[in-house]
>>> print(open('final06.cif').read())   # mmCIF, C-alpha atoms, pLDDT in the B column; chains and numbers go by the auth columns
data_target
#
loop_
_atom_site.group_PDB
_atom_site.id
_atom_site.type_symbol
_atom_site.label_atom_id
_atom_site.label_comp_id
_atom_site.label_asym_id
_atom_site.label_seq_id
_atom_site.Cartn_x
_atom_site.Cartn_y
_atom_site.Cartn_z
_atom_site.B_iso_or_equiv
_atom_site.auth_seq_id
_atom_site.auth_asym_id
ATOM 1 C CA MET A 1 0.000 0.000 0.000 40.00 113 W
ATOM 2 C CA ARG A 2 1.466 3.315 -1.041 39.00 114 W
ATOM 3 C CA TYR A 3 0.737 6.596 0.674 40.00 115 W
ATOM 4 C CA GLU A 4 0.837 10.043 -0.815 44.00 116 W
ATOM 5 C CA VAL A 5 3.492 12.203 0.762 51.00 117 W
ATOM 6 C CA ARG A 6 2.094 15.643 1.505 51.00 118 W
ATOM 7 C CA ARG A 7 4.617 18.436 1.736 53.00 119 W
ATOM 8 C CA ARG A 8 4.085 21.486 3.911 52.00 120 W
ATOM 9 C CA THR A 9 5.567 24.842 3.017 51.00 121 W
ATOM 10 C CA ASP A 10 6.195 27.628 5.479 51.00 122 W
ATOM 11 C CA GLY A 11 5.438 31.088 4.096 47.00 123 W
ATOM 12 C CA SER A 12 6.261 34.460 5.569 44.00 124 W
ATOM 13 C CA GLY A 13 4.859 37.891 4.914 44.00 125 W
ATOM 14 C CA GLY A 14 6.630 39.979 2.313 45.00 126 W
ATOM 15 C CA GLY A 15 5.612 43.428 3.514 41.00 127 W
ATOM 16 C CA ARG A 16 8.287 44.003 6.152 40.00 128 W
ATOM 17 C CA GLY A 17 10.940 45.183 3.685 40.00 129 W
ATOM 18 C CA ALA A 18 8.549 47.761 2.210 36.00 130 W
ATOM 19 C CA LEU A 19 7.688 49.062 5.679 33.00 131 W
ATOM 20 C CA ARG A 20 11.372 49.475 6.520 38.00 132 W
ATOM 21 C CA LEU A 21 11.908 51.380 3.263 31.00 133 W
ATOM 22 C CA VAL A 22 8.993 53.768 3.966 32.00 134 W
ATOM 23 C CA ALA A 23 10.332 54.391 7.483 34.00 135 W
ATOM 24 C CA ALA A 24 13.801 55.144 6.094 33.00 136 W
ATOM 25 C CA LEU A 25 12.342 57.684 3.630 30.00 137 W
ATOM 26 C CA GLY A 26 10.545 59.438 6.478 33.00 138 W
ATOM 27 C CA VAL A 27 13.734 59.742 8.538 30.00 139 W
ATOM 28 C CA LEU A 28 15.697 61.145 5.581 30.00 140 W
ATOM 29 C CA ALA A 29 13.010 63.710 4.830 31.00 141 W
ATOM 30 C CA LEU A 30 12.918 64.895 8.447 32.00 142 W
ATOM 31 C CA THR A 31 16.689 65.274 8.677 34.00 143 W
ATOM 32 C CA GLY A 32 16.887 67.205 5.403 38.00 144 W
ATOM 33 C CA ALA A 33 19.405 64.881 3.777 40.00 145 W
ATOM 34 C CA GLY A 34 20.441 65.736 0.214 43.00 146 W
ATOM 35 C CA THR A 35 19.050 63.840 -2.737 41.00 147 W
ATOM 36 C CA GLY A 36 22.335 62.157 -3.601 47.00 148 W
ATOM 37 C CA CYS A 37 22.932 61.076 -0.025 46.00 149 W
ATOM 38 C CA ALA A 38 19.333 59.914 0.297 44.00 150 W
ATOM 39 C CA LEU A 39 19.644 57.662 -2.761 41.00 151 W
ATOM 40 C CA ARG A 40 22.906 56.181 -1.501 45.00 152 W
ATOM 41 C CA ASP A 41 21.389 55.643 1.952 51.00 153 W
ATOM 42 C CA LEU A 42 18.299 54.017 0.465 42.00 154 W
ATOM 43 C CA GLN A 43 20.476 51.604 -1.482 48.00 155 W
ATOM 44 C CA ASP A 44 22.232 50.650 1.748 53.00 156 W
ATOM 45 C CA LEU A 45 18.901 50.203 3.519 50.00 157 W
ATOM 46 C CA ARG A 46 17.407 47.949 0.855 52.00 158 W
ATOM 47 C CA PRO A 47 16.725 44.502 2.328 51.00 159 W
ATOM 48 C CA ALA A 48 19.171 41.874 1.176 54.00 160 W
ATOM 49 C CA ALA A 49 17.909 39.155 -1.108 51.00 161 W
ATOM 50 C CA PRO A 50 16.630 36.240 0.968 51.00 162 W
ATOM 51 C CA THR A 51 19.054 33.358 1.194 54.00 163 W
ATOM 52 C CA GLU A 52 17.694 29.945 0.317 60.00 164 W
ATOM 53 C CA VAL A 53 17.506 27.590 3.286 59.00 165 W
ATOM 54 C CA GLN A 54 18.956 24.209 2.426 71.00 166 W
ATOM 55 C CA PRO A 55 17.006 21.106 3.485 77.00 167 W
ATOM 56 C CA VAL A 56 18.459 19.224 6.435 81.00 168 W
ATOM 57 C CA PHE A 57 18.475 15.939 4.504 89.00 169 W
ATOM 58 C CA ALA A 58 19.370 15.419 0.863 89.00 170 W
ATOM 59 C CA SER A 59 16.146 13.529 0.086 93.00 171 W
ATOM 60 C CA ASP A 60 12.855 12.422 1.613 94.00 172 W
ATOM 61 C CA GLU A 61 14.199 8.859 1.696 95.00 173 W
ATOM 62 C CA GLU A 62 17.249 9.954 3.690 93.00 174 W
ATOM 63 C CA ALA A 63 15.023 11.771 6.179 93.00 175 W
ATOM 64 C CA LEU A 64 12.788 8.704 6.528 95.00 176 W
ATOM 65 C CA ASP A 65 15.819 6.448 7.071 95.00 177 W
ATOM 66 C CA ALA A 66 17.034 8.746 9.854 94.00 178 W
ATOM 67 C CA ALA A 67 13.586 8.755 11.455 96.00 179 W
ATOM 68 C CA VAL A 68 13.382 4.953 11.330 96.00 180 W
ATOM 69 C CA ALA A 69 16.854 4.649 12.906 96.00 181 W
ATOM 70 C CA THR A 70 15.768 6.970 15.736 96.00 182 W
ATOM 71 C CA TYR A 71 12.592 4.991 16.316 97.00 183 W
ATOM 72 C CA GLU A 72 14.436 1.681 16.384 97.00 184 W
ATOM 73 C CA ARG A 73 16.796 3.141 18.988 97.00 185 W
ATOM 74 C CA TYR A 74 13.752 4.292 20.963 97.00 186 W
ATOM 75 C CA LEU A 75 12.268 0.766 20.870 96.00 187 W
ATOM 76 C CA VAL A 76 15.501 -0.647 22.333 95.00 188 W
ATOM 77 C CA LEU A 77 15.485 1.929 25.137 95.00 189 W
ATOM 78 C CA GLU A 78 11.779 1.438 25.781 93.00 190 W
ATOM 79 C CA ALA A 79 12.208 -2.345 26.088 91.00 191 W
ATOM 80 C CA GLU A 80 14.992 -1.906 28.635 91.00 192 W
ATOM 81 C CA ILE A 81 13.028 0.668 30.632 91.00 193 W
ATOM 82 C CA VAL A 82 9.746 -1.253 30.753 87.00 194 W
ATOM 83 C CA ALA A 83 11.578 -4.482 31.637 84.00 195 W
ATOM 84 C CA ALA A 84 12.927 -2.604 34.659 83.00 196 W
ATOM 85 C CA GLY A 85 9.461 -1.372 35.620 81.00 197 W
ATOM 86 C CA GLY A 86 10.143 2.181 34.449 85.00 198 W
ATOM 87 C CA ALA A 87 13.543 2.583 36.115 86.00 199 W
ATOM 88 C CA GLY A 88 16.161 4.576 34.186 92.00 200 W
ATOM 89 C CA ALA A 89 13.458 6.263 32.111 94.00 201 W
ATOM 90 C CA GLU A 90 15.531 9.430 31.638 95.00 202 W
ATOM 91 C CA ARG A 91 17.508 7.611 28.938 95.00 203 W
ATOM 92 C CA VAL A 92 14.573 8.126 26.593 95.00 204 W
ATOM 93 C CA LEU A 93 15.513 11.824 26.418 94.00 205 W
ATOM 94 C CA GLU A 94 18.367 10.810 24.103 94.00 206 W
ATOM 95 C CA VAL A 95 15.888 10.245 21.277 96.00 207 W
ATOM 96 C CA ALA A 96 12.974 12.595 22.075 96.00 208 W
ATOM 97 C CA THR A 97 12.334 16.319 21.986 95.00 209 W
ATOM 98 C CA ASP A 98 12.072 18.056 25.354 93.00 210 W
ATOM 99 C CA THR A 99 8.273 18.308 25.178 95.00 211 W
ATOM 100 C CA TYR A 100 7.586 14.740 24.087 97.00 212 W
ATOM 101 C CA GLY A 101 10.289 13.444 26.399 96.00 213 W
ATOM 102 C CA LEU A 102 8.317 14.783 29.368 95.00 214 W
ATOM 103 C CA ASP A 103 5.224 12.891 28.164 95.00 215 W
ATOM 104 C CA LEU A 104 7.231 9.672 27.882 95.00 216 W
ATOM 105 C CA LEU A 105 8.727 10.151 31.335 95.00 217 W
ATOM 106 C CA ALA A 106 5.236 10.614 32.778 94.00 218 W
ATOM 107 C CA GLY A 107 4.149 7.313 31.252 91.00 219 W
ATOM 108 C CA PHE A 108 7.136 5.457 32.675 91.00 220 W
ATOM 109 C CA ARG A 109 6.582 7.085 36.073 90.00 221 W
ATOM 110 C CA GLU A 110 2.990 5.818 36.058 88.00 222 W
ATOM 111 C CA MET A 111 4.291 2.340 35.235 84.00 223 W
ATOM 112 C CA ARG A 112 6.534 2.419 38.289 85.00 224 W
ATOM 113 C CA GLN A 113 3.664 3.579 40.487 86.00 225 W
ATOM 114 C CA THR A 114 1.256 0.859 39.320 83.00 226 W
ATOM 115 C CA GLY A 115 3.877 -1.885 39.380 77.00 227 W
ATOM 116 C CA GLU A 116 3.046 -2.947 35.829 75.00 228 W
ATOM 117 C CA ARG A 117 5.705 -5.035 34.101 74.00 229 W
ATOM 118 C CA VAL A 118 6.083 -5.702 30.406 77.00 230 W
ATOM 119 C CA ALA A 119 8.127 -8.509 28.901 78.00 231 W
ATOM 120 C CA GLY A 120 9.026 -9.018 25.255 81.00 232 W
ATOM 121 C CA ALA A 121 10.044 -6.711 22.453 83.00 233 W
ATOM 122 C CA VAL A 122 8.236 -4.435 20.008 91.00 234 W
ATOM 123 C CA VAL A 123 9.455 -4.830 16.434 93.00 235 W
ATOM 124 C CA LEU A 124 9.075 -2.193 13.723 96.00 236 W
ATOM 125 C CA ALA A 125 7.505 -4.153 10.865 96.00 237 W
ATOM 126 C CA ASP A 126 6.894 -1.393 8.303 96.00 238 W
ATOM 127 C CA SER A 127 6.949 2.374 7.872 96.00 239 W
ATOM 128 C CA ARG A 128 5.500 4.858 5.385 96.00 240 W
ATOM 129 C CA LEU A 129 6.276 8.566 5.047 97.00 241 W
ATOM 130 C CA VAL A 130 3.003 10.482 5.402 97.00 242 W
ATOM 131 C CA GLU A 131 4.070 14.134 5.466 97.00 243 W
ATOM 132 C CA ILE A 132 7.302 16.121 5.346 96.00 244 W
ATOM 133 C CA ASP A 133 7.958 19.857 5.307 95.00 245 W
ATOM 134 C CA ALA A 134 9.936 21.697 2.625 93.00 246 W
ATOM 135 C CA HIS A 135 13.160 21.747 4.661 91.00 247 W
ATOM 136 C CA ARG A 136 12.808 18.134 5.794 92.00 248 W
ATOM 137 C CA THR A 137 12.895 19.122 9.469 93.00 249 W
ATOM 138 C CA ARG A 138 9.439 17.791 10.390 96.00 250 W
ATOM 139 C CA LEU A 139 8.093 14.399 9.413 96.00 251 W
ATOM 140 C CA ARG A 140 5.027 12.312 10.090 98.00 252 W
ATOM 141 C CA VAL A 141 5.491 8.574 9.588 98.00 253 W
ATOM 142 C CA ALA A 142 2.921 5.778 9.712 98.00 254 W
ATOM 143 C CA MET A 143 4.446 2.732 11.384 98.00 255 W
ATOM 144 C CA CYS A 144 3.324 -0.847 11.815 97.00 256 W
ATOM 145 C CA LEU A 145 4.544 -2.367 15.080 96.00 257 W
ATOM 146 C CA ASP A 146 4.652 -6.082 15.788 94.00 258 W
ATOM 147 C CA VAL A 147 3.692 -6.444 19.459 91.00 259 W
ATOM 148 C CA GLY A 148 2.799 -10.138 19.445 86.00 260 W
ATOM 149 C CA GLU A 149 5.635 -11.031 21.828 81.00 261 W
ATOM 150 C CA LEU A 150 4.638 -8.509 24.499 79.00 262 W
ATOM 151 C CA ARG A 151 3.335 -9.839 27.791 77.00 263 W
ATOM 152 C CA VAL A 152 1.927 -7.434 30.352 74.00 264 W
ATOM 153 C CA GLU A 153 1.979 -8.347 34.031 68.00 265 W
ATOM 154 C CA GLU A 154 -0.334 -6.284 36.207 65.00 266 W
ATOM 155 C CA PRO A 155 -0.391 -6.483 40.025 61.00 267 W
ATOM 156 C CA GLY A 156 -3.337 -8.592 41.183 60.00 268 W
ATOM 157 C CA ALA A 157 -3.962 -10.123 37.758 56.00 269 W
ATOM 158 C CA GLU A 158 -3.998 -13.907 37.319 59.00 270 W
ATOM 159 C CA GLY A 159 -1.142 -13.842 34.836 54.00 271 W
ATOM 160 C CA PRO A 160 0.376 -11.973 31.897 50.00 272 W
ATOM 161 C CA HIS A 161 -1.927 -11.258 28.994 53.00 273 W
ATOM 162 C CA ALA A 162 -1.091 -10.841 25.330 52.00 274 W
ATOM 163 C CA ARG A 163 -1.995 -7.856 23.210 58.00 275 W
ATOM 164 C CA ASP A 164 -2.925 -7.564 19.533 67.00 276 W
ATOM 165 C CA GLU A 165 -0.338 -8.975 17.156 89.00 277 W
ATOM 166 C CA GLN A 166 0.170 -5.679 15.314 94.00 278 W
ATOM 167 C CA VAL A 167 -0.695 -2.050 15.944 95.00 279 W
ATOM 168 C CA ALA A 168 -0.359 0.984 13.680 96.00 280 W
ATOM 169 C CA VAL A 169 0.854 4.325 14.998 97.00 281 W
ATOM 170 C CA GLU A 170 1.543 7.756 13.564 98.00 282 W
ATOM 171 C CA VAL A 171 4.865 9.098 14.800 98.00 283 W
ATOM 172 C CA ALA A 172 6.045 12.698 14.504 98.00 284 W
ATOM 173 C CA PHE A 173 9.731 13.569 14.186 98.00 285 W
ATOM 174 C CA ARG A 174 11.632 16.837 14.325 96.00 286 W
ATOM 175 C CA SER A 175 15.202 17.576 13.296 90.00 287 W
ATOM 176 C CA ALA A 176 17.430 20.537 14.033 72.00 288 W
ATOM 177 C CA ASN A 177 20.371 19.268 11.999 73.00 289 W
ATOM 178 C CA ALA A 178 21.500 16.303 9.964 66.00 290 W
ATOM 179 C CA ALA A 179 23.173 14.736 12.981 66.00 291 W
ATOM 180 C CA ARG A 180 19.987 14.315 15.063 83.00 292 W
ATOM 181 C CA ILE A 181 16.348 13.631 14.389 94.00 293 W
ATOM 182 C CA LEU A 182 14.101 13.233 17.428 96.00 294 W
ATOM 183 C CA LEU A 183 10.734 11.760 18.323 97.00 295 W
ATOM 184 C CA ASP A 184 8.157 14.511 18.725 97.00 296 W
ATOM 185 C CA GLY A 185 4.897 12.656 19.329 97.00 297 W
ATOM 186 C CA SER A 186 2.952 9.472 18.728 96.00 298 W
ATOM 187 C CA LYS A 187 -0.707 8.514 18.390 96.00 299 W
ATOM 188 C CA PRO A 188 -2.791 5.695 16.896 96.00 300 W
ATOM 189 C CA TRP A 189 -2.765 5.676 13.090 96.00 301 W
ATOM 190 C CA SER A 190 -6.195 6.485 11.618 92.00 302 W
ATOM 191 C CA GLY A 191 -5.468 6.320 7.892 90.00 303 W
ATOM 192 C CA GLU A 192 -5.511 3.455 5.417 91.00 304 W
ATOM 193 C CA PRO A 193 -4.119 0.180 6.809 92.00 305 W
ATOM 194 C CA VAL A 194 -0.348 0.185 7.184 93.00 306 W
ATOM 195 C CA CYS A 195 -0.101 -3.312 8.678 93.00 307 W
ATOM 196 C CA GLY A 196 -0.603 -6.461 6.634 78.00 308 W
#
>>> encode(input="final06.cif", output="C-alpha cells")
Amino acid sequence: MRYEVRRRTDGSGGGRGALRLVAALGVLALTGAGTGCALRDLQDLRPAAPTEVQPVFASDEEALDAAVATYERYLVLEAEIVAAGGAGAERVLEVATDTYGLDLLAGFREMRQTGERVAGAVVLADSRLVEIDAHRTRLRVAMCLDVGELRVEEPGAEGPHARDEQVAVEVAFRSANAARILLDGSKPWSGEPVCG
C-alpha cells in the first residue's frame, strides 16, 4: 500500500521590507538629507535578497531512514526501561524532543507507580512517510509495530496477557540538523491500513 506524501511549506509575509523602506524615507526627509545622499542611503537600507535555506536531509528517503533509525533506537530503550518497571526512564531523552520526552517520562513514572511489568520486544515491521515539510525538518510517519511477543503483568492479575499482534501508529519527528532527528509525538494511526 502506497501513501501520498504531503509536503508542507512555510510562508512568511513579504511586507516588512517595504515598511522598513517607507520608514527610512521618512527619517531622511525629516533630517533634510540631500538627494544624492538619500539615494545612496536608500540603497544601503534595501533589504538583502533572501538566502535559500537548504534542506536538512538530501532527500525524503534519507530523512525517513534517519527517522526509522531513531525509532528503532527508541524501541531498544523502551524495552529496557519497561523491563525494569520504568527505572532509568531518563535515557529516553536521548531520542525525544524536550516536550515529548516529558510525556514519555510521565508514562514510565505511572508504570513504576502501578507496578506494571512488560516482557518481550516491540518490532518495527513497516513504515511509510506520510508528510514532510519543505526543509525536511518535520516528518510524520505511519508505522506498523509487531507487538505479538509482548506480555503485560499487572499487580493482582492472574497472569500476563497478550496484546494484539500488530498495531499501527503515527509518529512525529523533528530535526534541528542532519546529525539528530528526534521523536516529537505518537498517536494511533487512523489512515488506510499500514499493517498487513
>>> closest_atom_pairs(input="final06.cif", of="region 164-234 of chain W", to="region 246-262 of chain W", cutoff="12 Å", atoms="all atoms listed in the file", output="CSV")
residue,atom,partner,partner_atom,distance
W:Glu164,CA,W:His247,CA,10.3
W:Val165,CA,W:His247,CA,7.4
W:Gln166,CA,W:His247,CA,6.7
W:Pro167,CA,W:His247,CA,4.1
W:Val168,CA,W:Arg248,CA,5.8
W:Phe169,CA,W:Arg248,CA,6.2
W:Ala170,CA,W:Arg248,CA,8.6
W:Ser171,CA,W:Arg248,CA,8.1
W:Asp172,CA,W:Arg248,CA,7.1
W:Glu173,CA,W:Arg248,CA,10.2
W:Glu174,CA,W:Arg248,CA,9.5
W:Ala175,CA,W:Arg248,CA,6.7
W:Leu176,CA,W:Val253,CA,7.9
W:Asp177,CA,W:Val253,CA,10.8
W:Ala178,CA,W:Leu251,CA,10.6
W:Ala179,CA,W:Leu251,CA,8.1
W:Val180,CA,W:Val253,CA,8.9
W:Tyr183,CA,W:Met255,CA,9.8
W:Glu184,CA,W:Leu257,CA,10.8
W:Leu187,CA,W:Leu257,CA,10.1
W:Ala191,CA,W:Leu262,CA,9.9
W:Val194,CA,W:Leu262,CA,10.9
W:Ala195,CA,W:Leu262,CA,10.7
W:Arg229,CA,W:Leu262,CA,10.3
W:Val230,CA,W:Leu262,CA,6.7
W:Ala231,CA,W:Leu262,CA,5.6
W:Gly232,CA,W:Leu262,CA,4.5
W:Ala233,CA,W:Leu262,CA,6.1
W:Val234,CA,W:Val259,CA,5.0
>>> atom_distance(input="final06.cif", atom1="CA of Gly219 (chain W)", atom2="CA of Pro305 (chain W)")
26.8 Å
>>> atom_distance(input="final06.cif", atom1="CA of Leu241 (chain W)", atom2="CA of Gly213 (chain W)")
22.3 Å
>>> atom_distance(input="final06.cif", atom1="CA of Ala208 (chain W)", atom2="CA of Glu228 (chain W)")
23.0 Å
>>> closest_atom_pairs(input="final06.cif", of="region 176-224 of chain W", to="region 283-302 of chain W", cutoff="6 Å", atoms="all atoms listed in the file", output="JSON lines")
{"residue": "W:Val207", "atom": "CA", "partner": "W:Leu294", "partner_atom": "CA", "distance": 5.2}
{"residue": "W:Ala208", "atom": "CA", "partner": "W:Leu295", "partner_atom": "CA", "distance": 4.4}
{"residue": "W:Thr209", "atom": "CA", "partner": "W:Asp296", "partner_atom": "CA", "distance": 5.6}
{"residue": "W:Tyr212", "atom": "CA", "partner": "W:Asp296", "partner_atom": "CA", "distance": 5.4}
>>> axis_aligned_box(input="final06.cif", around="region 202-221 of chain W", padding_each_side="8 Å", output="lines of an AutoDock Vina configuration file")
center_x = 11.3
center_y = 11.9
center_z = 28.7
size_x = 30.2
size_y = 28.9
size_z = 30.8
>>> resolve_selection(input="final06.cif", expression="the PyMOL selection byres ((chain W and resi 197) around 12)", output="number ranges by chain")
W: 190-196, 198-201, 219-231, 264-267
>>> write_last_selection(input="final06.cif", atoms="C-alpha atoms", output="PDB file, keeping the file's coordinate frame")
ATOM      1  CA  GLU W 190      11.779   1.438  25.781  1.00 93.00           C
ATOM      2  CA  ALA W 191      12.208  -2.345  26.088  1.00 91.00           C
ATOM      3  CA  GLU W 192      14.992  -1.906  28.635  1.00 91.00           C
ATOM      4  CA  ILE W 193      13.028   0.668  30.632  1.00 91.00           C
ATOM      5  CA  VAL W 194       9.746  -1.253  30.753  1.00 87.00           C
ATOM      6  CA  ALA W 195      11.578  -4.482  31.637  1.00 84.00           C
ATOM      7  CA  ALA W 196      12.927  -2.604  34.659  1.00 83.00           C
ATOM      8  CA  GLY W 198      10.143   2.181  34.449  1.00 85.00           C
ATOM      9  CA  ALA W 199      13.543   2.583  36.115  1.00 86.00           C
ATOM     10  CA  GLY W 200      16.161   4.576  34.186  1.00 92.00           C
ATOM     11  CA  ALA W 201      13.458   6.263  32.111  1.00 94.00           C
ATOM     12  CA  GLY W 219       4.149   7.313  31.252  1.00 91.00           C
ATOM     13  CA  PHE W 220       7.136   5.457  32.675  1.00 91.00           C
ATOM     14  CA  ARG W 221       6.582   7.085  36.073  1.00 90.00           C
ATOM     15  CA  GLU W 222       2.990   5.818  36.058  1.00 88.00           C
ATOM     16  CA  MET W 223       4.291   2.340  35.235  1.00 84.00           C
ATOM     17  CA  ARG W 224       6.534   2.419  38.289  1.00 85.00           C
ATOM     18  CA  GLN W 225       3.664   3.579  40.487  1.00 86.00           C
ATOM     19  CA  THR W 226       1.256   0.859  39.320  1.00 83.00           C
ATOM     20  CA  GLY W 227       3.877  -1.885  39.380  1.00 77.00           C
ATOM     21  CA  GLU W 228       3.046  -2.947  35.829  1.00 75.00           C
ATOM     22  CA  ARG W 229       5.705  -5.035  34.101  1.00 74.00           C
ATOM     23  CA  VAL W 230       6.083  -5.702  30.406  1.00 77.00           C
ATOM     24  CA  ALA W 231       8.127  -8.509  28.901  1.00 78.00           C
ATOM     25  CA  VAL W 264       1.927  -7.434  30.352  1.00 74.00           C
ATOM     26  CA  GLU W 265       1.979  -8.347  34.031  1.00 68.00           C
ATOM     27  CA  GLU W 266      -0.334  -6.284  36.207  1.00 65.00           C
ATOM     28  CA  PRO W 267      -0.391  -6.483  40.025  1.00 61.00           C
TER      29      PRO W 267
END
